[in-house]
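Asker: Have a look at this one before I ask anything.
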Amino acid sequence: MAKPKKVYQSWKGNNKFLFDGRLIFGPDAKSLIVTFTLIVVPIVLFCVFVASNLAREFTTGTTGYAILVLAIVFTIYVLILLFSTSTKDPGIVPRNSHPPEDVLGYDSSASIEVGKPLPRTKEILVNGLPVRVKYCETCMLYRPPRCSHCSVCNNCVERFDHHCPWVGQCIGKRNYRCFFLFVSSTALLCVYVFSVSAYYLKLLVDDYGTVWKAIKVSPASVALMAYCFVSLWFVGGLTGFHLYLISRNQTTYENFRQRGLRGDNRINVYYRGCMNSFLEVFCSKIEPSKNNFRGYVHEEAPKMTSKGGNIHVTDVDTSDDDRRVKVEDDLEIGDDLMKISQRRNSQDIGDIRGRGSDRSPISRSELDFGFGLESQFSSRSESRHSEW
């Protein structure tokens with residue numbers, strides 16, 4: 001009997017895994033080497049040609065060595081943030097093995113047989129306001145709010161911000177904090193190297209009398225200043241942009257869509273004040289991954305549809321915590337769907353009372369759609385809980 005595969009071995013996305021599924025990368029993980037080189041090489045030049053010479057300039061005290069040690073420790077901190085951003089699950093939503101069953105009265109099994117697609121959108125409530133979520137045909141699920149499908153990684157990612165080629169990974173709900181700290185810390189590192197290099201160049205000018213002679217003595221200082229100046233325009237501007245996004249509780253994807261890519265001027269239903277937005281990003285607990293990449297994949301018996309067709313279902317091992325999170329998410333969505341159904345019921349009752357005798361009779365399907373949502377959702381929830 002063949003040993004069952006693990007989840008990461010049969011993963012349908014474009015991700016790459018290392019160490020038995022413990023580390024997950026994007027498909028462009030090789031770009032991480034470029035980013036690593038762009039950080040480490042300038043720091044090595046700084047330590048060899050600037051910081052070490054400054055240590056000899058300060059003959060008394062430990063100031064010169066403190067500059068060298070601080071540069072090394074700060075660089076290690078930046079690299080840890082880079083590694084954490086690149087190797088962490090950004091918030092991938094697990095794929096379904098088959099289309100969802102009976103969403104808002106829609107029979108998914110019938111749609112499979114006749115080739116009719118599921119409804120592309122549905123509405124849920126967020127902070128008391130309706131939000132339209134889309135159906136992902138690749139992952140066969142209705143995306144949670146603020147979720148988007150990354151075409152590079154081929155995954156639906158919660159609170160999708162963007163796919164960053166410099167870290168080779170999607171930026172989403174679970175790694176956005178590390179990403180922002182990485183970008184802002186890199187900007188501070190550029191400021192530090194630029195300032196120390198400029199100070200060392202000033203000392204050389206005082207010793208040799210002219211700038212030209214000082215540049216001849218330490219061309220690395222001028223090269224580092226130019227490099228950090230150019231880099232600061234990129235990482236510094238990116239830091240400022242994301243500070244603005246955090247204050248507005250927006251993602252890069254949402255901001256670009258609102259600012260003109262699609263002409264979307266809808267109200268930001270997720271904004272709850274500037275302070276709460278910063279607390280949400282920096283002080284909230286990072287949720288555990290919804291994917292057990294090291295779990296085993298089990299093939300269940302084919303599921304029969306109403307007309308005899310087969311749907312092959314794949315069951316993935318998940319921990320009890322993951323299942324509990326899934327149940328809680330379904331209950332929260334269920335509350336929203338019940339509110340929507342109640343609102344639609346009241347609208348349908350008003351339409352029924354307002355119709356005159358000269359209007360066409362009301363069809364049975366209309367009544368079922370208006371009054372049967374709550375019972376359909378309850379039966380679907382009970383079937384899911386019985387499976388768990």
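Just so we're on the same page: first chain in the structure tokens is A, next is B, and so on; residues restart at 1 for each chain, and ligands are numbered from 1 in the order they show up.
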Going by DSSP on the backbone, which residues of segment 11-155 of chain A come out as helix (DSSP H, G or I)? List them as an MDAnalysis selection string.
Answerer: chainID A and resid 31:57 63:87 108:114
Asker: Just want the 7 Å neighbourhood of Tyr253 of chain A, counted on only C-alpha atoms, with same-chain residues fewer than 3 positions away dropped. Output as a PyMOL selection string.
Answerer: chain A and resi 161-162+256-257
Asker: Output N, CA and C atoms for every residue in the selection just made, as a tab-separated table (two decimals), in the first residue's frame.
Answerer:
chain	number	residue	atom	x	y	z
A	161	ASP	N	-2.73	41.99	0.36
A	161	ASP	CA	-2.19	43.32	0.14
A	161	ASP	C	-1.57	43.42	-1.26
A	162	HIS	N	-0.59	42.59	-1.54
A	162	HIS	CA	0.02	42.52	-2.86
A	162	HIS	C	0.99	41.34	-2.87
A	256	PHE	N	-5.43	50.81	-4.57
A	256	PHE	CA	-5.28	50.97	-6.01
A	256	PHE	C	-6.63	50.87	-6.71
A	257	ARG	N	-7.47	49.97	-6.25
A	257	ARG	CA	-8.79	49.84	-6.86
A	257	ARG	C	-9.64	51.08	-6.61
Asker: Just checking: using only C-alpha atoms, which residue out of A:Val50, A:Gly128, A:Leu232, A:Pro165 ends up closest to Ser185 of chain A?
Answerer: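 Nearest to Ser185 of chain A: A:Leu232.
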Asker: What is the distance between atom CA of Cys283 of chain A and atom CA of Leu243 of chain A, in Å to one decimal?
Answerer: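 Value for the atom CA of Cys283 of chain A-atom CA of Leu243 of chain A distance: 15.2 Å.
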Asker: Identify, on the basis of only C-alpha atoms, every residue whose closest approach to Ile76 of chain A does not exceed 10 Å; exclude the query and any residue fewer than 6 positions from it along the same chain; express the result as a PyMOL selection string.
Answerer: chain A and resi 40+70+82
Asker: I'd like the interatomic distance between atom CA of Ser289 of chain A and atom CA of Cys153 of chain A, to a tenth of an Å.
Answerer: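 Value for the atom CA of Ser289 of chain A-atom CA of Cys153 of chain A distance: 16.5 Å.
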Asker: In terms of the shortest atom-to-atom distance over only C-alpha atoms, which of A:Lys173, A:Arg272, A:Lys213, A:Arg294 is closest to Thr251 of chain A?
Answerer: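 Smallest separation from Thr251 of chain A among the options: A:Lys173.
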Asker: Smallest atom-to-atom distance to Leu224 of chain A: which of A:Leu81, A:Ile43, A:Leu238, A:Ile72, using only C-alpha atoms?
Answerer: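 When distances to Leu224 of chain A are compared using only C-alpha atoms, the smallest one comes from A:Ile43.
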Asker: What's the separation between atom CA of Val44 of chain A and atom CA of Asp206 of chain A, in Å to one decimal place?
Answerer: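 Going from atom CA of Val44 of chain A over to atom CA of Asp206 of chain A covers 25.5 Å.
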Asker: Tell me, which residues of segment 123-291 of chain A carry DSSP strand (DSSP E), written as an mmCIF file with N, CA and C atoms, in the first residue's frame?
Answerer:
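Saved to selection-v8.cif:
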data_model
loop_
_atom_site.group_PDB
_atom_site.id
_atom_site.type_symbol
_atom_site.label_atom_id
_atom_site.label_comp_id
_atom_site.auth_asym_id
_atom_site.auth_seq_id
_atom_site.Cartn_x
_atom_site.Cartn_y
_atom_site.Cartn_z
ATOM 1 N N GLU A 123 -23.725 38.491 -0.869
ATOM 2 C CA GLU A 123 -23.548 39.570 0.093
ATOM 3 C C GLU A 123 -23.478 39.023 1.505
ATOM 4 N N ILE A 124 -22.555 39.590 2.306
ATOM 5 C CA ILE A 124 -22.506 39.337 3.733
ATOM 6 C C ILE A 124 -22.391 40.687 4.437
ATOM 7 N N LEU A 125 -22.591 40.713 5.738
ATOM 8 C CA LEU A 125 -22.553 41.950 6.498
ATOM 9 C C LEU A 125 -21.222 42.082 7.216
ATOM 10 N N VAL A 126 -20.595 43.256 7.099
ATOM 11 C CA VAL A 126 -19.354 43.586 7.807
ATOM 12 C C VAL A 126 -19.568 44.916 8.513
ATOM 13 N N LEU A 129 -22.686 46.720 7.521
ATOM 14 C CA LEU A 129 -22.852 47.151 6.126
ATOM 15 C C LEU A 129 -22.678 45.963 5.189
ATOM 16 N N PRO A 130 -23.463 45.906 4.106
ATOM 17 C CA PRO A 130 -23.344 44.775 3.179
ATOM 18 C C PRO A 130 -22.061 44.853 2.364
ATOM 19 N N VAL A 131 -21.395 43.725 2.240
ATOM 20 C CA VAL A 131 -20.176 43.610 1.437
ATOM 21 C C VAL A 131 -20.361 42.445 0.477
ATOM 22 N N ARG A 132 -20.051 42.674 -0.778
ATOM 23 C CA ARG A 132 -20.194 41.639 -1.796
ATOM 24 C C ARG A 132 -18.899 40.851 -1.910
ATOM 25 N N VAL A 133 -18.979 39.546 -1.761
ATOM 26 C CA VAL A 133 -17.821 38.666 -1.902
ATOM 27 C C VAL A 133 -17.977 37.849 -3.182
ATOM 28 N N LYS A 134 -16.855 37.494 -3.779
ATOM 29 C CA LYS A 134 -16.853 36.816 -5.075
ATOM 30 C C LYS A 134 -16.568 35.331 -4.914
ATOM 31 N N TYR A 135 -17.047 34.587 -5.874
ATOM 32 C CA TYR A 135 -16.775 33.147 -5.920
ATOM 33 C C TYR A 135 -15.516 32.900 -6.740
ATOM 34 N N CYS A 136 -14.586 32.129 -6.167
ATOM 35 C CA CYS A 136 -13.345 31.789 -6.860
ATOM 36 C C CYS A 136 -13.508 30.421 -7.497
ATOM 37 N N LEU A 141 -14.607 28.319 -3.769
ATOM 38 C CA LEU A 141 -15.137 28.870 -2.522
ATOM 39 C C LEU A 141 -15.501 30.331 -2.725
ATOM 40 N N TYR A 142 -16.372 30.816 -1.843
ATOM 41 C CA TYR A 142 -16.651 32.240 -1.794
ATOM 42 C C TYR A 142 -15.606 32.891 -0.912
ATOM 43 N N SER A 148 -8.379 37.937 -1.792
ATOM 44 C CA SER A 148 -8.226 38.000 -3.239
ATOM 45 C C SER A 148 -7.353 36.838 -3.704
ATOM 46 N N HIS A 149 -7.529 36.456 -4.948
ATOM 47 C CA HIS A 149 -6.754 35.351 -5.511
ATOM 48 C C HIS A 149 -5.493 35.897 -6.171
ATOM 49 N N CYS A 150 -4.338 35.435 -5.698
ATOM 50 C CA CYS A 150 -3.055 35.864 -6.266
ATOM 51 C C CYS A 150 -2.755 35.034 -7.502
ATOM 52 N N ASN A 155 -3.270 31.180 -5.229
ATOM 53 C CA ASN A 155 -3.957 30.921 -3.974
ATOM 54 C C ASN A 155 -4.848 32.102 -3.634
ATOM 55 N N CYS A 156 -5.929 31.822 -2.897
ATOM 56 C CA CYS A 156 -6.724 32.892 -2.291
ATOM 57 C C CYS A 156 -6.089 33.248 -0.957
ATOM 58 N N VAL A 157 -5.800 34.531 -0.741
ATOM 59 C CA VAL A 157 -5.084 34.987 0.440
ATOM 60 C C VAL A 157 -5.965 35.968 1.205
ATOM 61 N N HIS A 162 -0.587 42.592 -1.542
ATOM 62 C CA HIS A 162 0.023 42.524 -2.863
ATOM 63 C C HIS A 162 0.992 41.345 -2.874
ATOM 64 N N HIS A 163 1.472 41.006 -4.048
ATOM 65 C CA HIS A 163 2.540 40.004 -4.150
ATOM 66 C C HIS A 163 3.854 40.754 -4.333
ATOM 67 N N CYS A 164 4.754 40.560 -3.371
ATOM 68 C CA CYS A 164 6.019 41.300 -3.381
ATOM 69 C C CYS A 164 7.111 40.461 -4.038
ATOM 70 N N GLN A 169 6.990 36.397 -2.068
ATOM 71 C CA GLN A 169 5.860 35.866 -1.321
ATOM 72 C C GLN A 169 4.698 36.850 -1.374
ATOM 73 N N CYS A 170 3.482 36.325 -1.226
ATOM 74 C CA CYS A 170 2.317 37.191 -1.075
ATOM 75 C C CYS A 170 2.377 37.882 0.280
ATOM 76 N N ILE A 171 1.849 39.088 0.341
ATOM 77 C CA ILE A 171 1.731 39.808 1.599
ATOM 78 C C ILE A 171 0.252 39.823 1.965
#
Asker: Using only C-alpha atoms, which residues sit within 8 Å of segment 248-250 of chain A once same-chain residues fewer than 4 positions away are excluded, as a list in words?
Answerer: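 My list of contacting residues is Tyr244, Glu254, Asn255, Asn268, Tyr270, Tyr271, Arg272, Gly273, Cys274 and Ser277 of chain A.
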